[in-house]
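Colleague: Structure below; questions to follow.
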Amino acid sequence: MGGGAVDKAPAQSSLESTAKSTTQPTTKPTTQVVRDISANHQISYDLDSIDAFVFYDKPFLKFERLLETYFTTAPRGFFSFLKAIPIWLKDKLFLKETLARELASVYRELYPHKSKAQIKAFKQKVLANLYFSEHHISHVASAFYPSPFSESAILVMDGVGEWSTTTIAKGIDNHIEICQELHFPHSLGLLYSAFTYYTGFKVNSGEYKVMGLAPYGEPKYVDLIKSHLIDIKDDGSFALDMRYFSYTYGLKMTNAAFDALFAHNQRNPESRLTQAHFDLAASIQVVTEEVMLKLARHALKTTNSKNLALSGGVALNCVGNGKIYKQLKAEGLLEDIWIQPASGDAGNALGCAFAYYYIEQGKPRGHSVLSDKSGSLIVDGSNQARGKEFAKSTKEASGSILDEKSGLCSRERGDKTRASIDEASDKLPDFSLKDNAQETSQAATQRDSMQGSYLGLSYTNTEVESTLKAQGAVYEKHEFATLIDITAHALTQGKVIGWHQGRCEFGPRALGARSIIGDPRNTTMQKTMNLKIKYRESFRPFAPSVLAEKLGEWFELDCDSPYMLLVAPVKASKCYPMSEAEQNLFGIDKLNVVRSEIPSVTHIDYSARIQSVHKQTNPRYYALLQRFYELTSCPVLVNTSFNVRGEPIVCSPKDSFACFMGTEMDMLVIEDFVLYKDAQSAENRERYQDIKDRYELD
């Protein structure tokens, strides 16, 4: 079984009942997304011009892991085995044919004039040009190739791929060399997901809630976690004691031993949060940050680089990212960091395309896949990577490390497809930096090829107006300058506004294209947005969007954070000291303390998850922030994703109008149109009043 970067072997699927990466909710299959887009928006690409079709991982390797896992843990996984294997035998082991069939179906829908022979020829083209990238190769490629770095260390941390759970690599120009890996079942992402499950949140979508809950607690269980659950080495490698986990053989993350270890404090979903749950969240966050920091330090030293590119679901832990940047920069090891904005499995859609384009095809850097018109790619993305040490590591799961010195093992290579890439990687020069090799963070931000992560669909004013008329909406249309002025003044009056502009964001963060925005100076804005707009837990924090040039005046951060993936303290000069009585508050009672001049985006530990807004990538949102700053002397806005809890972020004008009508937002600004809630018809109010009940809670 090889460690090939991009493999043209037959393949199957993904998805398992447990042990997925700690990233985002499951998304629609690509074929369904394409159908949805074609039904609502003009397709801007030609399927006949596609040269290659790339899938994000290698399901045969995943199936190998699945079988080895069941055999190793037998008989405990018998009932899980009975559920999983028929699905694999029916669908997942024939994924190549399934993908070709589904894409041919999409082709037929998009081109109804095509003959049966032409549709059959397209299907054969898919079968002949379908590639499969390893999961962690997809992650590594998504981290390095769109980054501003010509060379860097690359660190991937997630739940599990085919086998890999942690990967350290080095990249230079268009070459990537995998240096070290950690293998299933030892996974930082799955450890964090175990606590997500135990505290009553949904695995693969609720991890960010645990991160948001952590500041409300005390890390009382850190020693317990480190003495029983995880053995951490100085280089960041680790092993989990599998006696406390059931994800290798069952449909749950933890077992009775885990529950007993934490005094039976498991929380049922949607039940009341207690101080114990706050403390559990705080504890696993501290442990996670320790492992992330050690792994990042080891990655930089191993690759002899001062640049770091991150991906994988754990890289969405923006608190940990902030600690990495601050600590390793202070140590002189790190100059610059870049985090893939879609670090979860969605980003693997880009990553496998990058891997095919740069590694398999050997294209030079500087000619981005994202802007390539000559040979476009259609990509599917989701979850998982590689390793061969599973049987050994499971037997040693009492806490020992795979290797006495390090759990990170050199990557085993045997794939013929990989051979040419390995040969090129062996010729890479040393990564030591020459004088003046680093550029400023702002310049680096402007040079990455993610285009601000605004890679989704956009809609013209004509399309927007057509939708609004069809919905019976009452609206006004304004020139851009007037639109910005109206919106900025409404924000100063405490209005909550749905903001739909340009191409929607790619990834889990709203970045000012599909956002709900408000005034951060408002002391009740966080609670109002959570309970009346998002219909979610009141403790959930909101992020500040700040004019890039004002970042250092308001936050303790000396690099840009365009993708909302770094947490840093609010500037001390903007903060208010807490009284003794306020300091003695516990848990959720801390929420109502006003801590700064921008209380709605200041978390209870005086930190914030920051988005720096740049004129080059989002001129309309930048203009709004600039006008708000002129009116208030505050260059910051509250920014949260344009959706209700459990719902995907809106994309189309119809989506935005429905969410606007189904919540207590005051205004909707969609391209050049402004809608006021109190001007809308009673019929539309009635039509959308149950929107919060249409989606499964996350």
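So you can find residues: chains in the structure tokens are A, B, ... in the order shown, residues in each start at 1, and ligands are numbered from 1 in order.
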Find the residues near stretch 267-272 of chain A: any atom within 9 Å, counting only C-alpha atoms, skip ones fewer than 6 places away on the same chain, and give them as a ChimeraX atom specification.
Modeller: /A:197-202
Colleague: Contacts of stretch 672-678 of chain A at 6 Å or less, counting only C-alpha atoms, minus same-chain residues fewer than 3 places along, as an NGL selection string?
Modeller: :A and (475-478 or 666-669)
Colleague: Using only all heavy atoms, please write the residues we just selected to a file, as a PDB file, in the first residue's frame.
Modeller:
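part32.pdb, written as the output of this step:
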```pdb
ATOM      1  N   TYR A 475     -38.289  46.523  -1.407  1.00  0.00           N
ATOM      2  CA  TYR A 475     -36.878  46.879  -1.390  1.00  0.00           C
ATOM      3  C   TYR A 475     -36.641  48.256  -1.996  1.00  0.00           C
ATOM      4  O   TYR A 475     -37.502  48.822  -2.674  1.00  0.00           O
ATOM      5  CB  TYR A 475     -36.063  45.833  -2.156  1.00  0.00           C
ATOM      6  CG  TYR A 475     -36.484  45.660  -3.605  1.00  0.00           C
ATOM      7  CD1 TYR A 475     -35.949  46.465  -4.613  1.00  0.00           C
ATOM      8  CD2 TYR A 475     -37.417  44.683  -3.970  1.00  0.00           C
ATOM      9  CE1 TYR A 475     -36.336  46.311  -5.932  1.00  0.00           C
ATOM     10  CE2 TYR A 475     -37.809  44.520  -5.280  1.00  0.00           C
ATOM     11  CZ  TYR A 475     -37.264  45.334  -6.263  1.00  0.00           C
ATOM     12  OH  TYR A 475     -37.661  45.185  -7.571  1.00  0.00           O
ATOM     13  N   GLU A 476     -35.444  48.785  -1.735  1.00  0.00           N
ATOM     14  CA  GLU A 476     -34.967  50.018  -2.342  1.00  0.00           C
ATOM     15  C   GLU A 476     -33.649  49.720  -3.038  1.00  0.00           C
ATOM     16  O   GLU A 476     -32.887  48.864  -2.593  1.00  0.00           O
ATOM     17  CB  GLU A 476     -34.725  51.101  -1.285  1.00  0.00           C
ATOM     18  CG  GLU A 476     -35.941  51.464  -0.466  1.00  0.00           C
ATOM     19  CD  GLU A 476     -35.584  52.408   0.684  1.00  0.00           C
ATOM     20  OE1 GLU A 476     -34.376  52.735   0.828  1.00  0.00           O
ATOM     21  OE2 GLU A 476     -36.490  52.794   1.440  1.00  0.00           O
ATOM     22  N   LYS A 477     -33.352  50.468  -4.103  1.00  0.00           N
ATOM     23  CA  LYS A 477     -32.068  50.345  -4.770  1.00  0.00           C
ATOM     24  C   LYS A 477     -31.336  51.678  -4.673  1.00  0.00           C
ATOM     25  O   LYS A 477     -31.938  52.742  -4.867  1.00  0.00           O
ATOM     26  CB  LYS A 477     -32.241  49.948  -6.234  1.00  0.00           C
ATOM     27  CG  LYS A 477     -30.914  49.687  -6.943  1.00  0.00           C
ATOM     28  CD  LYS A 477     -31.119  49.261  -8.398  1.00  0.00           C
ATOM     29  CE  LYS A 477     -29.773  48.988  -9.065  1.00  0.00           C
ATOM     30  NZ  LYS A 477     -29.920  48.616 -10.495  1.00  0.00           N
ATOM     31  N   HIS A 478     -30.028  51.624  -4.365  1.00  0.00           N
ATOM     32  CA  HIS A 478     -29.256  52.842  -4.163  1.00  0.00           C
ATOM     33  C   HIS A 478     -27.900  52.752  -4.855  1.00  0.00           C
ATOM     34  O   HIS A 478     -27.380  51.666  -5.116  1.00  0.00           O
ATOM     35  CB  HIS A 478     -29.023  53.071  -2.661  1.00  0.00           C
ATOM     36  CG  HIS A 478     -30.266  53.295  -1.877  1.00  0.00           C
ATOM     37  ND1 HIS A 478     -30.938  54.490  -1.868  1.00  0.00           N
ATOM     38  CD2 HIS A 478     -30.973  52.457  -1.063  1.00  0.00           C
ATOM     39  CE1 HIS A 478     -31.995  54.400  -1.079  1.00  0.00           C
ATOM     40  NE2 HIS A 478     -32.042  53.169  -0.581  1.00  0.00           N
ATOM     41  N   ASP A 666     -32.863  43.338  11.385  1.00  0.00           N
ATOM     42  CA  ASP A 666     -33.587  44.572  11.081  1.00  0.00           C
ATOM     43  C   ASP A 666     -33.532  44.948   9.610  1.00  0.00           C
ATOM     44  O   ASP A 666     -34.488  45.517   9.069  1.00  0.00           O
ATOM     45  CB  ASP A 666     -33.000  45.732  11.907  1.00  0.00           C
ATOM     46  CG  ASP A 666     -33.092  45.475  13.391  1.00  0.00           C
ATOM     47  OD1 ASP A 666     -34.220  45.365  13.899  1.00  0.00           O
ATOM     48  OD2 ASP A 666     -32.033  45.364  14.038  1.00  0.00           O
ATOM     49  N   MET A 667     -32.392  44.672   8.974  1.00  0.00           N
ATOM     50  CA  MET A 667     -32.198  45.075   7.584  1.00  0.00           C
ATOM     51  C   MET A 667     -31.467  43.978   6.812  1.00  0.00           C
ATOM     52  O   MET A 667     -30.750  43.178   7.396  1.00  0.00           O
ATOM     53  CB  MET A 667     -31.365  46.371   7.498  1.00  0.00           C
ATOM     54  CG  MET A 667     -32.052  47.621   7.961  1.00  0.00           C
ATOM     55  SD  MET A 667     -30.879  49.024   8.042  1.00  0.00           S
ATOM     56  CE  MET A 667     -30.235  49.068   6.358  1.00  0.00           C
ATOM     57  N   LEU A 668     -31.662  44.004   5.506  1.00  0.00           N
ATOM     58  CA  LEU A 668     -30.896  43.162   4.596  1.00  0.00           C
ATOM     59  C   LEU A 668     -30.316  44.056   3.513  1.00  0.00           C
ATOM     60  O   LEU A 668     -31.042  44.803   2.851  1.00  0.00           O
ATOM     61  CB  LEU A 668     -31.792  42.090   3.967  1.00  0.00           C
ATOM     62  CG  LEU A 668     -31.174  41.253   2.836  1.00  0.00           C
ATOM     63  CD1 LEU A 668     -29.961  40.474   3.335  1.00  0.00           C
ATOM     64  CD2 LEU A 668     -32.219  40.306   2.235  1.00  0.00           C
ATOM     65  N   VAL A 669     -29.001  43.999   3.368  1.00  0.00           N
ATOM     66  CA  VAL A 669     -28.317  44.735   2.304  1.00  0.00           C
ATOM     67  C   VAL A 669     -27.728  43.699   1.370  1.00  0.00           C
ATOM     68  O   VAL A 669     -26.808  42.961   1.739  1.00  0.00           O
ATOM     69  CB  VAL A 669     -27.207  45.651   2.870  1.00  0.00           C
ATOM     70  CG1 VAL A 669     -26.531  46.423   1.750  1.00  0.00           C
ATOM     71  CG2 VAL A 669     -27.788  46.604   3.906  1.00  0.00           C
TER      72      VAL A 669
END
```
Colleague: Considering only C-alpha atoms, return as a list in words whatever protein or nucleic-acid residues lie within 12 Å of A:Asp655, sequence-local ones (same chain, fewer than 6 positions apart) excluded.
Modeller: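 Near A:Asp655, the qualifying residues are Asn40, Val464, Thr467, Leu468, Gln471, Gly498, His500, Arg514, Phe642, Asn643, Val644, Glu647, Pro648, Ile649, Met661, Gly662, Leu668, Ile670, Tyr688 and Ile691 of chain A.
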Colleague: Please dump the current selection as a compact mmCIF listing (two decimals), in the first residue's frame; keep all heavy atoms.
Modeller:
```
# COMPACT_ATOMS: atom_id res chain seq x y z
N ASN A 40 -30.08 27.38 -10.05
CA ASN A 40 -30.29 28.74 -9.57
C ASN A 40 -29.36 29.78 -10.18
O ASN A 40 -29.55 30.96 -9.98
CB ASN A 40 -30.11 28.77 -8.05
CG ASN A 40 -31.15 27.95 -7.32
OD1 ASN A 40 -32.31 28.30 -7.32
ND2 ASN A 40 -30.72 26.84 -6.73
N VAL A 464 -30.44 39.57 -8.54
CA VAL A 464 -30.96 39.85 -7.20
C VAL A 464 -32.37 40.43 -7.30
O VAL A 464 -33.29 39.97 -6.60
CB VAL A 464 -30.04 40.83 -6.45
CG1 VAL A 464 -30.69 41.28 -5.14
CG2 VAL A 464 -28.69 40.19 -6.17
N THR A 467 -34.99 37.88 -8.14
CA THR A 467 -35.32 37.04 -6.98
C THR A 467 -36.22 37.77 -6.00
O THR A 467 -37.22 37.22 -5.51
CB THR A 467 -34.04 36.58 -6.26
OG1 THR A 467 -33.26 35.79 -7.14
CG2 THR A 467 -34.37 35.79 -5.00
N LEU A 468 -35.89 39.03 -5.70
CA LEU A 468 -36.68 39.80 -4.74
C LEU A 468 -38.11 40.00 -5.24
O LEU A 468 -39.07 39.91 -4.46
CB LEU A 468 -36.01 41.14 -4.47
CG LEU A 468 -34.64 41.08 -3.77
CD1 LEU A 468 -34.06 42.48 -3.61
CD2 LEU A 468 -34.74 40.39 -2.42
N GLN A 471 -40.07 36.85 -4.78
CA GLN A 471 -40.40 36.59 -3.38
C GLN A 471 -41.42 37.59 -2.83
O GLN A 471 -41.80 37.49 -1.67
CB GLN A 471 -39.13 36.65 -2.53
CG GLN A 471 -38.08 35.61 -2.90
CD GLN A 471 -38.60 34.19 -2.74
OE1 GLN A 471 -39.15 33.83 -1.70
NE2 GLN A 471 -38.43 33.39 -3.78
N GLY A 498 -28.18 41.92 7.77
CA GLY A 498 -27.70 40.87 6.90
C GLY A 498 -26.96 41.50 5.73
O GLY A 498 -27.49 42.38 5.06
N HIS A 500 -24.95 40.81 2.24
CA HIS A 500 -24.73 39.86 1.14
C HIS A 500 -24.10 40.63 -0.01
O HIS A 500 -24.76 41.44 -0.66
CB HIS A 500 -26.08 39.26 0.72
CG HIS A 500 -26.05 38.41 -0.51
ND1 HIS A 500 -26.70 37.21 -0.60
CD2 HIS A 500 -25.45 38.58 -1.73
CE1 HIS A 500 -26.52 36.69 -1.81
NE2 HIS A 500 -25.77 37.51 -2.50
N ARG A 514 -21.00 37.02 3.13
CA ARG A 514 -22.29 36.53 3.61
C ARG A 514 -22.24 36.58 5.14
O ARG A 514 -22.02 35.58 5.82
CB ARG A 514 -22.55 35.10 3.14
CG ARG A 514 -22.53 34.89 1.64
CD ARG A 514 -23.69 35.59 0.92
NE ARG A 514 -23.72 35.24 -0.48
CZ ARG A 514 -23.03 35.84 -1.43
NH1 ARG A 514 -22.22 36.85 -1.10
NH2 ARG A 514 -23.12 35.49 -2.70
N PHE A 642 -23.86 34.43 8.05
CA PHE A 642 -25.24 34.71 7.65
C PHE A 642 -25.99 33.39 7.57
O PHE A 642 -26.11 32.76 6.53
CB PHE A 642 -25.23 35.43 6.30
CG PHE A 642 -26.51 36.13 5.94
CD1 PHE A 642 -26.50 37.19 5.04
CD2 PHE A 642 -27.73 35.77 6.49
CE1 PHE A 642 -27.66 37.85 4.69
CE2 PHE A 642 -28.90 36.42 6.16
CZ PHE A 642 -28.87 37.47 5.24
N ASN A 643 -26.50 32.95 8.69
CA ASN A 643 -27.29 31.73 8.78
C ASN A 643 -27.86 31.64 10.19
O ASN A 643 -27.48 32.40 11.07
CB ASN A 643 -26.44 30.48 8.48
CG ASN A 643 -25.34 30.26 9.50
OD1 ASN A 643 -24.75 31.21 10.01
ND2 ASN A 643 -25.05 29.02 9.81
N VAL A 644 -28.76 30.69 10.39
CA VAL A 644 -29.19 30.35 11.74
C VAL A 644 -28.50 29.06 12.12
O VAL A 644 -27.93 28.35 11.29
CB VAL A 644 -30.72 30.20 11.85
CG1 VAL A 644 -31.41 31.51 11.53
CG2 VAL A 644 -31.25 29.09 10.94
N GLU A 647 -27.95 25.68 10.03
CA GLU A 647 -28.14 25.94 8.61
C GLU A 647 -26.80 26.27 7.96
O GLU A 647 -25.95 26.91 8.58
CB GLU A 647 -29.10 27.12 8.44
CG GLU A 647 -29.35 27.53 6.99
CD GLU A 647 -30.07 28.87 6.88
OE1 GLU A 647 -29.95 29.69 7.79
OE2 GLU A 647 -30.75 29.08 5.86
N PRO A 648 -26.58 25.87 6.70
CA PRO A 648 -25.38 26.30 6.00
C PRO A 648 -25.38 27.83 5.82
O PRO A 648 -26.44 28.46 5.85
CB PRO A 648 -25.48 25.61 4.64
CG PRO A 648 -26.49 24.52 4.82
CD PRO A 648 -27.43 24.99 5.88
N ILE A 649 -24.21 28.41 5.65
CA ILE A 649 -24.14 29.84 5.34
C ILE A 649 -24.88 30.08 4.04
O ILE A 649 -24.77 29.31 3.09
CB ILE A 649 -22.67 30.30 5.23
CG1 ILE A 649 -21.95 30.12 6.57
CG2 ILE A 649 -22.59 31.76 4.81
CD1 ILE A 649 -20.48 30.47 6.54
N MET A 661 -35.90 37.02 6.68
CA MET A 661 -37.31 37.03 7.09
C MET A 661 -37.57 36.09 8.27
O MET A 661 -38.49 36.32 9.06
CB MET A 661 -38.20 36.63 5.91
CG MET A 661 -38.27 37.66 4.80
SD MET A 661 -38.82 39.29 5.36
CE MET A 661 -40.41 38.89 6.09
N GLY A 662 -36.78 35.04 8.39
CA GLY A 662 -37.03 34.05 9.44
C GLY A 662 -36.37 34.37 10.76
O GLY A 662 -36.51 33.60 11.71
N LEU A 668 -31.66 44.00 5.51
CA LEU A 668 -30.90 43.16 4.60
C LEU A 668 -30.32 44.06 3.51
O LEU A 668 -31.04 44.80 2.85
CB LEU A 668 -31.79 42.09 3.97
CG LEU A 668 -31.17 41.25 2.84
CD1 LEU A 668 -29.96 40.47 3.34
CD2 LEU A 668 -32.22 40.31 2.23
N ILE A 670 -28.27 43.62 0.16
CA ILE A 670 -27.90 42.58 -0.77
C ILE A 670 -27.53 43.21 -2.10
O ILE A 670 -28.40 43.75 -2.80
CB ILE A 670 -29.03 41.53 -0.88
CG1 ILE A 670 -28.70 40.44 -1.88
CG2 ILE A 670 -30.36 42.15 -1.15
CD1 ILE A 670 -29.64 39.24 -1.81
N TYR A 688 -41.85 32.43 6.48
CA TYR A 688 -40.49 32.07 6.89
C TYR A 688 -40.30 31.99 8.41
O TYR A 688 -39.19 31.85 8.89
CB TYR A 688 -39.49 33.09 6.32
CG TYR A 688 -39.37 33.05 4.82
CD1 TYR A 688 -39.91 34.08 4.05
CD2 TYR A 688 -38.74 31.99 4.19
CE1 TYR A 688 -39.80 34.05 2.66
CE2 TYR A 688 -38.63 31.96 2.81
CZ TYR A 688 -39.16 32.99 2.05
OH TYR A 688 -39.06 32.95 0.68
N ILE A 691 -38.07 29.08 10.10
CA ILE A 691 -36.78 28.74 9.47
C ILE A 691 -35.82 28.08 10.45
O ILE A 691 -35.06 27.19 10.09
CB ILE A 691 -36.14 30.00 8.85
CG1 ILE A 691 -34.92 29.59 8.01
CG2 ILE A 691 -35.77 31.03 9.90
CD1 ILE A 691 -34.35 30.73 7.19
```
Colleague: At a cut-off of 10 Å, using only C-alpha atoms, what residues contact A:Ser515? Leave out same-chain residues fewer than 4 positions from it and give the result as a list in words.
Modeller: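 Selected residues are Ile497, Gly498, Trp499, His500, Gln501, Cys504, Glu505, Arg509, Ala510, Leu511, Val638, Asn639, Thr640, Ser641, Phe642, Asn643, Ile649, Val650 and Ser656 of chain A.
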Colleague: Residues as selected, C-alpha atoms, written as a PDB file, in the first residue's frame, can you do that?
Modeller:
```pdb
ATOM      1  CA  ILE A 497     -27.974  43.720   9.360  1.00  0.00           C
ATOM      2  CA  GLY A 498     -27.698  40.866   6.899  1.00  0.00           C
ATOM      3  CA  TRP A 499     -24.846  41.670   4.507  1.00  0.00           C
ATOM      4  CA  HIS A 500     -24.732  39.863   1.135  1.00  0.00           C
ATOM      5  CA  GLN A 501     -22.078  41.141  -1.272  1.00  0.00           C
ATOM      6  CA  CYS A 504     -19.479  34.039  -1.117  1.00  0.00           C
ATOM      7  CA  GLU A 505     -16.771  32.696   1.150  1.00  0.00           C
ATOM      8  CA  ARG A 509     -15.851  31.547   8.335  1.00  0.00           C
ATOM      9  CA  ALA A 510     -18.009  34.455   7.227  1.00  0.00           C
ATOM     10  CA  LEU A 511     -15.586  37.084   5.958  1.00  0.00           C
ATOM     11  CA  VAL A 638     -19.330  42.468  14.799  1.00  0.00           C
ATOM     12  CA  ASN A 639     -19.216  39.769  12.134  1.00  0.00           C
ATOM     13  CA  THR A 640     -20.944  36.387  12.251  1.00  0.00           C
ATOM     14  CA  SER A 641     -22.003  34.005   9.523  1.00  0.00           C
ATOM     15  CA  PHE A 642     -25.235  34.714   7.655  1.00  0.00           C
ATOM     16  CA  ASN A 643     -27.293  31.726   8.782  1.00  0.00           C
ATOM     17  CA  ILE A 649     -24.139  29.837   5.343  1.00  0.00           C
ATOM     18  CA  VAL A 650     -26.441  31.432   2.789  1.00  0.00           C
ATOM     19  CA  SER A 656     -30.446  35.464   2.168  1.00  0.00           C
TER      20      SER A 656
END
```
Colleague: Using only C-alpha atoms, which of A:Gly320, A:Gly250, A:Gly347, A:Gly512 sits nearest A:Tyr70?
Modeller: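 Closest residue, counting only C-alpha atoms: A:Gly250.
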Colleague: To one decimal in Å, tell me the separation between atom CA of A:Gly236 and atom CA of A:Trp338.
Modeller: 19.9 Å
Colleague: Can you check which residues of stretch 591-651 of chain A DSSP gives as strand (DSSP E) on the backbone and send them as number ranges by chain?
Modeller: A: 607-613, 636-641
